[in-house]
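The file work.pdb comes next; it holds PDB, C-alpha atoms, pLDDT in the B column.
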```
ATOM      1  CA  ALA H   4      -8.739  -5.825 -23.051  1.00 75.00           C
ATOM      2  CA  GLN H   5     -12.260  -7.200 -22.889  1.00 80.00           C
ATOM      3  CA  GLN H   6     -12.793  -6.423 -26.585  1.00 81.00           C
ATOM      4  CA  ASP H   7      -9.868  -8.633 -27.634  1.00 84.00           C
ATOM      5  CA  PRO H   8     -11.090 -11.841 -29.332  1.00 82.00           C
ATOM      6  CA  ASP H   9      -8.675 -13.878 -27.158  1.00 85.00           C
ATOM      7  CA  PHE H  10      -9.954 -12.411 -23.875  1.00 88.00           C
ATOM      8  CA  HIS H  11     -11.121 -15.277 -21.635  1.00 88.00           C
ATOM      9  CA  PRO H  12     -12.599 -14.037 -18.322  1.00 88.00           C
ATOM     10  CA  TYR H  13     -13.298 -17.511 -16.889  1.00 89.00           C
ATOM     11  CA  HIS H  14     -10.573 -20.000 -16.032  1.00 90.00           C
ATOM     12  CA  LEU H  15     -12.960 -22.913 -16.494  1.00 86.00           C
ATOM     13  CA  ALA H  16     -15.291 -22.660 -19.469  1.00 86.00           C
ATOM     14  CA  PRO H  17     -15.778 -26.203 -20.855  1.00 84.00           C
ATOM     15  CA  GLY H  18     -16.880 -26.253 -24.458  1.00 83.00           C
ATOM     16  CA  LEU H  19     -15.641 -22.730 -25.129  1.00 84.00           C
ATOM     17  CA  TYR H  20     -11.884 -23.040 -24.702  1.00 85.00           C
ATOM     18  CA  VAL H  21      -9.324 -25.177 -22.906  1.00 85.00           C
ATOM     19  CA  LYS H  22      -8.310 -24.176 -19.385  1.00 83.00           C
ATOM     20  CA  ASP H  23      -4.787 -23.034 -20.261  1.00 83.00           C
ATOM     21  CA  ALA H  24      -6.132 -20.678 -22.941  1.00 86.00           C
ATOM     22  CA  ALA H  25      -7.318 -18.375 -20.151  1.00 86.00           C
ATOM     23  CA  TYR H  26      -4.194 -18.625 -18.011  1.00 84.00           C
ATOM     24  CA  HIS H  27      -2.599 -15.414 -19.319  1.00 87.00           C
ATOM     25  CA  ASN H  28      -5.515 -14.013 -21.293  1.00 88.00           C
ATOM     26  CA  GLY H  29      -8.038 -12.537 -18.911  1.00 86.00           C
ATOM     27  CA  ILE H  30      -8.039 -14.183 -15.513  1.00 90.00           C
ATOM     28  CA  ILE H  31      -6.569 -12.460 -12.455  1.00 91.00           C
ATOM     29  CA  TRP H  32      -3.300 -13.395 -10.769  1.00 94.00           C
ATOM     30  CA  MET H  33      -3.592 -12.670  -7.047  1.00 94.00           C
ATOM     31  CA  TRP H  34       0.066 -11.747  -6.485  1.00 96.00           C
ATOM     32  CA  ASN H  35      -0.292  -8.718  -8.785  1.00 95.00           C
ATOM     33  CA  ALA H  36      -2.435  -7.068  -6.112  1.00 95.00           C
ATOM     34  CA  GLY H  37       0.682  -6.483  -3.975  1.00 96.00           C
ATOM     35  CA  PRO H  38       2.567  -4.150  -6.354  1.00 96.00           C
ATOM     36  CA  TRP H  39      -0.717  -2.430  -7.210  1.00 94.00           C
ATOM     37  CA  ILE H  40      -1.475  -1.641  -3.553  1.00 96.00           C
ATOM     38  CA  SER H  41       2.106  -0.426  -3.064  1.00 96.00           C
ATOM     39  CA  ALA H  42       1.719   1.997  -5.967  1.00 94.00           C
ATOM     40  CA  ALA H  43      -1.729   3.118  -4.799  1.00 92.00           C
ATOM     41  CA  LEU H  44      -0.343   4.032  -1.366  1.00 94.00           C
ATOM     42  CA  ASP H  45       2.660   5.794  -2.921  1.00 92.00           C
ATOM     43  CA  PHE H  46       0.291   7.977  -4.980  1.00 89.00           C
ATOM     44  CA  ALA H  47      -2.195   8.687  -2.158  1.00 89.00           C
ATOM     45  CA  GLN H  48      -4.932   6.447  -3.525  1.00 89.00           C
ATOM     46  CA  TRP H  49      -5.984   5.476   0.006  1.00 89.00           C
ATOM     47  CA  ARG H  50      -9.529   4.324  -0.777  1.00 89.00           C
ATOM     48  CA  MET H  51      -8.491   2.188  -3.717  1.00 89.00           C
ATOM     49  CA  ALA H  52      -5.739   0.512  -1.675  1.00 93.00           C
ATOM     50  CA  ASP H  53      -8.152  -0.136   1.196  1.00 95.00           C
ATOM     51  CA  THR H  54     -10.772  -1.660  -1.123  1.00 93.00           C
ATOM     52  CA  LEU H  55      -8.349  -4.100  -2.705  1.00 94.00           C
ATOM     53  CA  PHE H  56      -6.557  -5.056   0.524  1.00 96.00           C
ATOM     54  CA  SER H  57      -9.878  -5.582   2.322  1.00 95.00           C
ATOM     55  CA  ASN H  58     -11.025  -7.853  -0.503  1.00 93.00           C
ATOM     56  CA  LEU H  59      -7.869  -9.948  -0.201  1.00 95.00           C
ATOM     57  CA  THR H  60      -8.328 -10.135   3.560  1.00 96.00           C
ATOM     58  CA  GLU H  61     -11.881 -11.403   3.126  1.00 94.00           C
ATOM     59  CA  GLN H  62     -10.630 -14.076   0.744  1.00 93.00           C
ATOM     60  CA  LEU H  63      -7.906 -15.087   3.181  1.00 95.00           C
ATOM     61  CA  LEU H  64     -10.318 -15.408   6.127  1.00 96.00           C
ATOM     62  CA  LYS H  65     -13.537 -16.609   4.516  1.00 94.00           C
ATOM     63  CA  ARG H  66     -12.940 -18.161   1.092  1.00 92.00           C
ATOM     64  CA  GLY H  67     -10.989 -21.038  -0.409  1.00 90.00           C
ATOM     65  CA  ALA H  68      -8.319 -22.474   1.876  1.00 93.00           C
ATOM     66  CA  VAL H  69      -8.671 -20.353   5.017  1.00 93.00           C
ATOM     67  CA  GLY H  70      -5.424 -18.622   5.996  1.00 95.00           C
ATOM     68  CA  THR H  71      -3.968 -18.409   2.510  1.00 96.00           C
ATOM     69  CA  LEU H  72      -4.718 -17.080  -0.981  1.00 96.00           C
ATOM     70  CA  ALA H  73      -5.431 -18.850  -4.242  1.00 95.00           C
ATOM     71  CA  GLU H  74      -3.297 -18.642  -7.346  1.00 95.00           C
ATOM     72  CA  VAL H  75      -5.820 -16.961  -9.667  1.00 94.00           C
ATOM     73  CA  SER H  76      -9.461 -16.004  -9.998  1.00 93.00           C
ATOM     74  CA  ASP H  77     -11.934 -15.358 -12.779  1.00 91.00           C
ATOM     75  CA  ALA H  78     -12.136 -11.828 -14.138  1.00 88.00           C
ATOM     76  CA  TRP H  79     -15.933 -11.820 -14.295  1.00 87.00           C
ATOM     77  CA  PRO H  80     -18.312 -12.790 -11.465  1.00 87.00           C
ATOM     78  CA  GLN H  81     -20.638 -15.776 -11.459  1.00 84.00           C
ATOM     79  CA  SER H  82     -24.427 -15.408 -11.448  1.00 83.00           C
ATOM     80  CA  ASN H  83     -24.340 -15.039  -7.638  1.00 86.00           C
ATOM     81  CA  GLY H  84     -22.103 -11.975  -7.924  1.00 83.00           C
ATOM     82  CA  LYS H  85     -19.020 -13.778  -6.548  1.00 85.00           C
ATOM     83  CA  VAL H  86     -15.765 -14.090  -8.442  1.00 89.00           C
ATOM     84  CA  ARG H  87     -14.688 -17.740  -8.547  1.00 92.00           C
ATOM     85  CA  LEU H  88     -11.251 -18.637  -7.209  1.00 94.00           C
ATOM     86  CA  SER H  89      -9.199 -21.011  -9.325  1.00 93.00           C
ATOM     87  CA  GLY H  90      -5.774 -22.496  -9.889  1.00 92.00           C
ATOM     88  CA  THR H  91      -3.736 -23.676  -6.917  1.00 92.00           C
ATOM     89  CA  VAL H  92      -5.783 -23.318  -3.719  1.00 94.00           C
ATOM     90  CA  SER H  93      -2.729 -21.975  -1.853  1.00 95.00           C
ATOM     91  CA  GLN H  94      -0.059 -20.064  -3.755  1.00 95.00           C
ATOM     92  CA  ALA H  95       3.133 -18.852  -2.057  1.00 96.00           C
ATOM     93  CA  TRP H  96       3.589 -15.708  -4.114  1.00 95.00           C
ATOM     94  CA  SER H  97      -0.056 -14.669  -3.631  1.00 97.00           C
ATOM     95  CA  LEU H  98       0.258 -14.916   0.146  1.00 97.00           C
ATOM     96  CA  GLY H  99       3.822 -13.557   0.064  1.00 97.00           C
ATOM     97  CA  GLU H 100       2.746 -10.345  -1.663  1.00 97.00           C
ATOM     98  CA  TYR H 101      -0.153  -9.922   0.764  1.00 97.00           C
ATOM     99  CA  LEU H 102       2.243 -10.165   3.718  1.00 97.00           C
ATOM    100  CA  ARG H 103       4.886  -7.963   2.057  1.00 97.00           C
ATOM    101  CA  VAL H 104       2.455  -5.134   1.345  1.00 97.00           C
ATOM    102  CA  PHE H 105       1.048  -5.366   4.874  1.00 97.00           C
ATOM    103  CA  TYR H 106       4.436  -5.102   6.604  1.00 97.00           C
ATOM    104  CA  GLN H 107       6.278  -2.898   4.106  1.00 97.00           C
ATOM    105  CA  ASP H 108       3.572  -0.508   2.922  1.00 97.00           C
ATOM    106  CA  ILE H 109       0.717  -0.468   5.446  1.00 97.00           C
ATOM    107  CA  LEU H 110       2.750  -0.915   8.637  1.00 97.00           C
ATOM    108  CA  GLY H 111       5.697   0.700   6.839  1.00 97.00           C
ATOM    109  CA  PHE H 112       8.472  -1.416   8.394  1.00 98.00           C
ATOM    110  CA  ARG H 113      11.468  -0.858   6.095  1.00 96.00           C
ATOM    111  CA  PRO H 114      14.993  -1.857   7.228  1.00 95.00           C
ATOM    112  CA  PHE H 115      17.937  -0.970   4.999  1.00 91.00           C
ATOM    113  CA  VAL H 116      21.718  -1.420   5.082  1.00 75.00           C
ATOM    114  CA  ASN H 117      23.828   1.051   3.094  1.00 72.00           C
ATOM    115  CA  GLY H 118      26.966   0.080   1.218  1.00 64.00           C
ATOM    116  CA  ASP H 119      29.061   1.143   4.207  1.00 63.00           C
ATOM    117  CA  GLU H 120      26.942  -1.212   6.369  1.00 68.00           C
ATOM    118  CA  ARG H 121      25.298   1.696   8.162  1.00 78.00           C
ATOM    119  CA  LYS H 122      21.960   0.432   9.457  1.00 88.00           C
ATOM    120  CA  LYS H 123      18.793   2.415   8.816  1.00 93.00           C
ATOM    121  CA  LEU H 124      15.205   1.654   9.807  1.00 96.00           C
ATOM    122  CA  THR H 125      12.316   3.572   8.293  1.00 97.00           C
ATOM    123  CA  LEU H 126       8.842   3.451   9.824  1.00 98.00           C
ATOM    124  CA  ARG H 127       6.383   4.696   7.215  1.00 97.00           C
ATOM    125  CA  PRO H 128       2.882   3.716   8.388  1.00 97.00           C
ATOM    126  CA  ARG H 129      -0.035   4.175   6.012  1.00 96.00           C
ATOM    127  CA  LEU H 130      -2.748   2.731   8.234  1.00 95.00           C
ATOM    128  CA  LEU H 131      -5.971   1.889   6.425  1.00 93.00           C
ATOM    129  CA  PRO H 132      -9.400   2.829   7.849  1.00 89.00           C
ATOM    130  CA  GLY H 133     -10.188   0.910  11.027  1.00 88.00           C
ATOM    131  CA  LEU H 134      -6.532   0.528  12.035  1.00 90.00           C
ATOM    132  CA  HIS H 135      -6.042   3.000  14.874  1.00 93.00           C
ATOM    133  CA  GLU H 136      -3.830   0.976  17.215  1.00 96.00           C
ATOM    134  CA  VAL H 137      -1.451  -1.656  15.871  1.00 97.00           C
ATOM    135  CA  ARG H 138       1.210  -3.718  17.630  1.00 97.00           C
ATOM    136  CA  PHE H 139       3.642  -5.893  15.717  1.00 97.00           C
ATOM    137  CA  THR H 140       7.200  -7.220  15.789  1.00 97.00           C
ATOM    138  CA  GLY H 141       9.609  -6.690  12.928  1.00 96.00           C
ATOM    139  CA  TYR H 142      12.988  -8.348  12.488  1.00 95.00           C
ATOM    140  CA  ALA H 143      16.149  -6.773  11.092  1.00 94.00           C
ATOM    141  CA  PHE H 144      19.886  -6.427  11.808  1.00 92.00           C
ATOM    142  CA  SER H 145      19.856  -9.626  13.949  1.00 91.00           C
ATOM    143  CA  ASP H 146      17.430  -7.901  16.297  1.00 94.00           C
ATOM    144  CA  SER H 147      13.685  -7.702  16.939  1.00 96.00           C
ATOM    145  CA  PHE H 148      11.675  -4.477  17.045  1.00 97.00           C
ATOM    146  CA  ALA H 149       8.391  -4.328  18.973  1.00 98.00           C
ATOM    147  CA  VAL H 150       6.453  -1.472  17.382  1.00 98.00           C
ATOM    148  CA  ASN H 151       3.248   0.139  18.612  1.00 98.00           C
ATOM    149  CA  TYR H 152       1.284   2.656  16.538  1.00 98.00           C
ATOM    150  CA  LEU H 153      -1.465   4.645  18.242  1.00 97.00           C
ATOM    151  CA  GLU H 154      -3.498   7.014  16.079  1.00 94.00           C
ATOM    152  CA  LYS H 155      -5.625   9.546  17.968  1.00 93.00           C
ATOM    153  CA  ASN H 156      -7.546  12.637  16.917  1.00 91.00           C
ATOM    154  CA  ASP H 157      -4.838  14.972  18.199  1.00 93.00           C
ATOM    155  CA  ALA H 158      -1.676  12.897  17.774  1.00 95.00           C
ATOM    156  CA  PHE H 159       0.060   9.903  16.250  1.00 96.00           C
ATOM    157  CA  VAL H 160       2.274   8.067  18.752  1.00 97.00           C
ATOM    158  CA  VAL H 161       5.001   5.588  17.833  1.00 97.00           C
ATOM    159  CA  ALA H 162       6.713   3.453  20.473  1.00 97.00           C
ATOM    160  CA  VAL H 163       9.568   1.073  19.615  1.00 97.00           C
ATOM    161  CA  GLN H 164      11.520  -1.398  21.753  1.00 97.00           C
ATOM    162  CA  ARG H 165      14.500  -3.560  20.787  1.00 96.00           C
ATOM    163  CA  ARG H 166      17.029  -5.840  22.474  1.00 94.00           C
ATOM    164  CA  ALA H 167      20.213  -4.136  21.291  1.00 90.00           C
ATOM    165  CA  ALA H 168      21.269  -0.551  21.917  1.00 89.00           C
ATOM    166  CA  THR H 169      23.737  -0.139  19.067  1.00 90.00           C
ATOM    167  CA  PRO H 170      23.555   3.121  17.063  1.00 90.00           C
ATOM    168  CA  LEU H 171      20.839   3.033  14.422  1.00 92.00           C
ATOM    169  CA  GLU H 172      19.513   5.660  12.050  1.00 94.00           C
ATOM    170  CA  LEU H 173      15.742   5.819  12.501  1.00 95.00           C
ATOM    171  CA  SER H 174      13.360   7.676  10.220  1.00 96.00           C
ATOM    172  CA  LEU H 175       9.651   8.159  10.874  1.00 96.00           C
ATOM    173  CA  ASN H 176       7.440   9.207   7.982  1.00 96.00           C
ATOM    174  CA  LEU H 177       3.774  10.255   8.381  1.00 95.00           C
ATOM    175  CA  VAL H 178       1.095  11.871   6.247  1.00 93.00           C
ATOM    176  CA  ALA H 179      -1.226  14.451   7.804  1.00 90.00           C
ATOM    177  CA  GLY H 180      -3.682  16.177   5.492  1.00 87.00           C
ATOM    178  CA  ASP H 181      -1.882  17.378   2.398  1.00 90.00           C
ATOM    179  CA  THR H 182       1.645  17.189   3.871  1.00 93.00           C
ATOM    180  CA  GLU H 183       4.138  14.374   4.391  1.00 95.00           C
ATOM    181  CA  TYR H 184       6.274  14.784   7.518  1.00 95.00           C
ATOM    182  CA  ARG H 185       9.559  13.011   8.233  1.00 95.00           C
ATOM    183  CA  VAL H 186      11.890  13.092  11.223  1.00 95.00           C
ATOM    184  CA  THR H 187      15.257  11.315  11.151  1.00 96.00           C
ATOM    185  CA  GLY H 188      17.772  10.849  13.949  1.00 95.00           C
ATOM    186  CA  GLN H 189      20.265   8.562  15.670  1.00 95.00           C
ATOM    187  CA  TRP H 190      18.821   6.036  18.117  1.00 94.00           C
ATOM    188  CA  SER H 191      21.146   4.379  20.634  1.00 93.00           C
ATOM    189  CA  THR H 192      18.797   3.147  23.378  1.00 95.00           C
ATOM    190  CA  ASN H 193      16.540   0.119  23.839  1.00 95.00           C
ATOM    191  CA  SER H 194      13.243   1.998  23.780  1.00 96.00           C
ATOM    192  CA  LEU H 195      11.921   5.113  22.117  1.00 96.00           C
ATOM    193  CA  GLN H 196       8.637   7.004  21.894  1.00 97.00           C
ATOM    194  CA  ILE H 197       7.952   9.722  19.338  1.00 96.00           C
ATOM    195  CA  ARG H 198       4.764  11.772  19.166  1.00 96.00           C
ATOM    196  CA  PHE H 199       3.451  13.824  16.278  1.00 95.00           C
ATOM    197  CA  GLU H 200       0.997  16.582  17.218  1.00 94.00           C
ATOM    198  CA  ARG H 201      -1.579  16.838  14.459  1.00 89.00           C
ATOM    199  CA  GLN H 202      -2.869  20.350  15.170  1.00 88.00           C
ATOM    200  CA  MET H 203       0.508  21.996  15.693  1.00 89.00           C
ATOM    201  CA  HIS H 204       2.362  19.754  13.210  1.00 90.00           C
ATOM    202  CA  GLN H 205       5.205  19.236  15.677  1.00 91.00           C
ATOM    203  CA  TRP H 206       7.332  16.256  16.713  1.00 93.00           C
ATOM    204  CA  THR H 207       8.046  15.377  20.339  1.00 93.00           C
ATOM    205  CA  ALA H 208      10.997  13.030  20.889  1.00 93.00           C
ATOM    206  CA  PRO H 209      13.392  12.342  23.797  1.00 91.00           C
ATOM    207  CA  GLU H 210      16.908  13.751  23.898  1.00 88.00           C
ATOM    208  CA  ALA H 211      18.249  10.243  23.312  1.00 86.00           C
ATOM    209  CA  PHE H 212      16.971  10.582  19.748  1.00 93.00           C
ATOM    210  CA  GLU H 213      19.967  12.618  18.608  1.00 93.00           C
ATOM    211  CA  HIS H 214      20.828  14.735  15.565  1.00 92.00           C
ATOM    212  CA  GLN H 215      17.222  15.139  14.526  1.00 92.00           C
ATOM    213  CA  VAL H 216      16.438  16.361  11.032  1.00 94.00           C
ATOM    214  CA  ILE H 217      12.838  17.269  10.172  1.00 93.00           C
ATOM    215  CA  ARG H 218      11.559  17.562   6.613  1.00 95.00           C
ATOM    216  CA  ARG H 219       8.190  18.058   4.998  1.00 94.00           C
ATOM    217  CA  LYS H 220       6.806  17.989   1.481  1.00 94.00           C
ATOM    218  CA  PRO H 221       3.346  18.318  -0.073  1.00 94.00           C
ATOM    219  CA  VAL H 222       1.289  15.252  -0.858  1.00 91.00           C
ATOM    220  CA  ILE H 223       0.030  15.289  -4.429  1.00 84.00           C
ATOM    221  CA  TYR H 224      -3.485  13.887  -4.591  1.00 80.00           C
ATOM    222  CA  PRO H 225      -4.415  12.909  -8.160  1.00 75.00           C
ATOM    223  CA  GLU H 226      -7.227  15.014  -9.578  1.00 70.00           C
ATOM    224  CA  ASN H 227      -8.838  11.950 -11.092  1.00 60.00           C
ATOM    225  CA  SER H 228      -8.927   8.617  -9.288  1.00 57.00           C
ATOM    226  CA  VAL H 229      -7.703   5.472 -11.022  1.00 57.00           C
ATOM    227  CA  LYS H 230     -10.318   4.332 -13.511  1.00 62.00           C
ATOM    228  CA  ILE H 231     -11.996   1.010 -12.842  1.00 62.00           C
ATOM    229  CA  CYS H 232     -12.561  -1.375 -15.711  1.00 65.00           C
ATOM    230  CA  LEU H 233     -16.296  -2.019 -15.957  1.00 68.00           C
ATOM    231  CA  VAL H 234     -17.304  -5.610 -16.605  1.00 69.00           C
ATOM    232  CA  ASP H 235     -19.061  -6.127 -19.932  1.00 70.00           C
ATOM    233  CA  THR H 236     -20.649  -9.571 -19.734  1.00 65.00           C
ATOM    234  CA  THR H 237     -22.360  -9.128 -23.093  1.00 66.00           C
ATOM    235  CA  LEU H 238     -19.091  -9.941 -24.841  1.00 65.00           C
ATOM    236  CA  ALA H 239     -18.332 -13.449 -26.060  1.00 61.00           C
ATOM    237  CA  VAL H 240     -15.967 -15.421 -23.879  1.00 59.00           C
TER     238      VAL H 240
END
```
Re-express the file's structure as structure tokens.
Amino acid sequence: AQQDPDFHPYHLAPGLYVKDAAYHNGIIWMWNAGPWISAALDFAQWRMADTLFSNLTEQLLKRGAVGTLAEVSDAWPQSNGKVRLSGTVSQAWSLGEYLRVFYQDILGFRPFVNGDERKKLTLRPRLLPGLHEVRFTGYAFSDSFAVNYLEKNDAFVVAVQRRAATPLELSLNLVAGDTEYRVTGQWSTNSLQIRFERQMHQWTAPEAFEHQVIRRKPVIYPENSVKICLVDTTLAV
């Protein structure tokens, strides 16, 4: 906490404390943003997740070593309002968590193999503001999956193509308003397109998507958003 006498918000503060004194006592580790964004999306904190992910994206594209993320940063901003990056200029676990949360939680690409080796692929997109059409390739089960998400006012369309045509359990999970919708079925073709009608809350899928099971459950939006820690720069560092 900021009130703790050992709280050191700056990684480099010559004359006040040695560099390593701040390493685990105030400064920010970038990789921790990944689990935090995952939890925010799981608990419908869309705006908070978007704010943090957008900040990381800005760092990756415009600050430090372009194309990667630093190890740590200060907790408090400098006089210019910017938080100073520090530590290793390119850290594998910082960038790794950024990529994991993008593919696993925002694009929602989640392959899984059960104990009986039954293959299951879940597509659980939680697209952040500004992402209305996304194309990407995911890899699983010795195969590649070309996925296209198209979000429109009246529908959400998912198209998937793969090389193999072996049986695969496919589950698509979407949130519309205050309800989470999920359709699960057996997919045994190379290509598939599924459409979710927003107004009627209905799924449209081809006959090749067999043994369909549709479920829904309410989305619980927290009454109070996650509290942000306000910076108190009047404290001693």
*Report as a ChimeraX atom specification the residues that result from applying the PyMOL selection byres ((chain H and resi 144) around 12) to the structure here.*
/H:113-116,120-124,141-143,145-148,165-171
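The smallest atom-to-atom distance between Asp235 (chain H) and any of H:Ala78, H:Ile31, H:Asp157, H:Tyr20, using only C-alpha atoms, is found for H:Ala78.
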*Quick one: which residues end up in the PyMOL selection byres ((chain H and resi 211-224) around 8) for this structure, as JSON, numbers by chain?*
{"H": [46, 47, 48, 178, 181, 182, 183, 184, 185, 186, 187, 188, 189, 190, 191, 192, 195, 208, 209, 210, 225, 226]}
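Pairwise distance (CA of Leu15 (chain H), CA of Ser97 (chain H)) equals 20.0 Å.
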*asked:* For a test of reading the model, state the distance in Å between CA of Gln94 (chain H) and CA of Ala43 (chain H), rounded to one decimal.
replied: 23.3 Å
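Each of H:Ser93, H:Gln202, H:Asn58, H:Thr125 was checked against Glu74 (chain H) using all atoms listed in the file; the smallest atom-to-atom distance is that of H:Ser93.
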_Give me the residues near Leu131 (chain H) as a ChimeraX atom specification, where near means some atom within 10 Å (using only C-alpha atoms) and where sequence neighbours in that chain fewer than 5 positions away do not count._
/H:44,49-50,52-54,56-57,109-110
Assuming 3 Å of padding per side, give the centre and edge lengths of the axis-aligned box around every listed atom of region 88-99 of chain H, in Å to one decimal and as lines of an AutoDock Vina configuration file.
```
center_x = -3.7
center_y = -18.6
center_z = -4.9
size_x = 21.1
size_y = 16.1
size_z = 16.0
```
*asked:* Applying 9 Å and all atoms listed in the file, which residues near Glu200 (chain H) remain after dropping the ones on its own chain fewer than 4 positions away? List them as a PyMOL selection string.
replied: chain H and resi 157-160+204-207
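Pairwise distance (CA of Asn193 (chain H), CA of Asn151 (chain H)) equals 14.3 Å.
Of the residues listed (H:Asn35, H:Asn156, H:Thr71, H:Gln5), H:Asn35 shows the shortest atom-to-atom separation from Leu55 (chain H); distances use only C-alpha atoms.
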*asked:* Taking all atoms listed in the file into account, name the residue in H:Phe139, H:Trp79, H:Tyr106, H:Phe199 that is nearest to Leu175 (chain H).
replied: H:Phe199
_Taking 5 positions as the minimum chain separation for residues in the same chain, which residues sit within 7 Å of His14 (chain H) when counting all atoms listed in the file? Answer as a count of residues only._
6
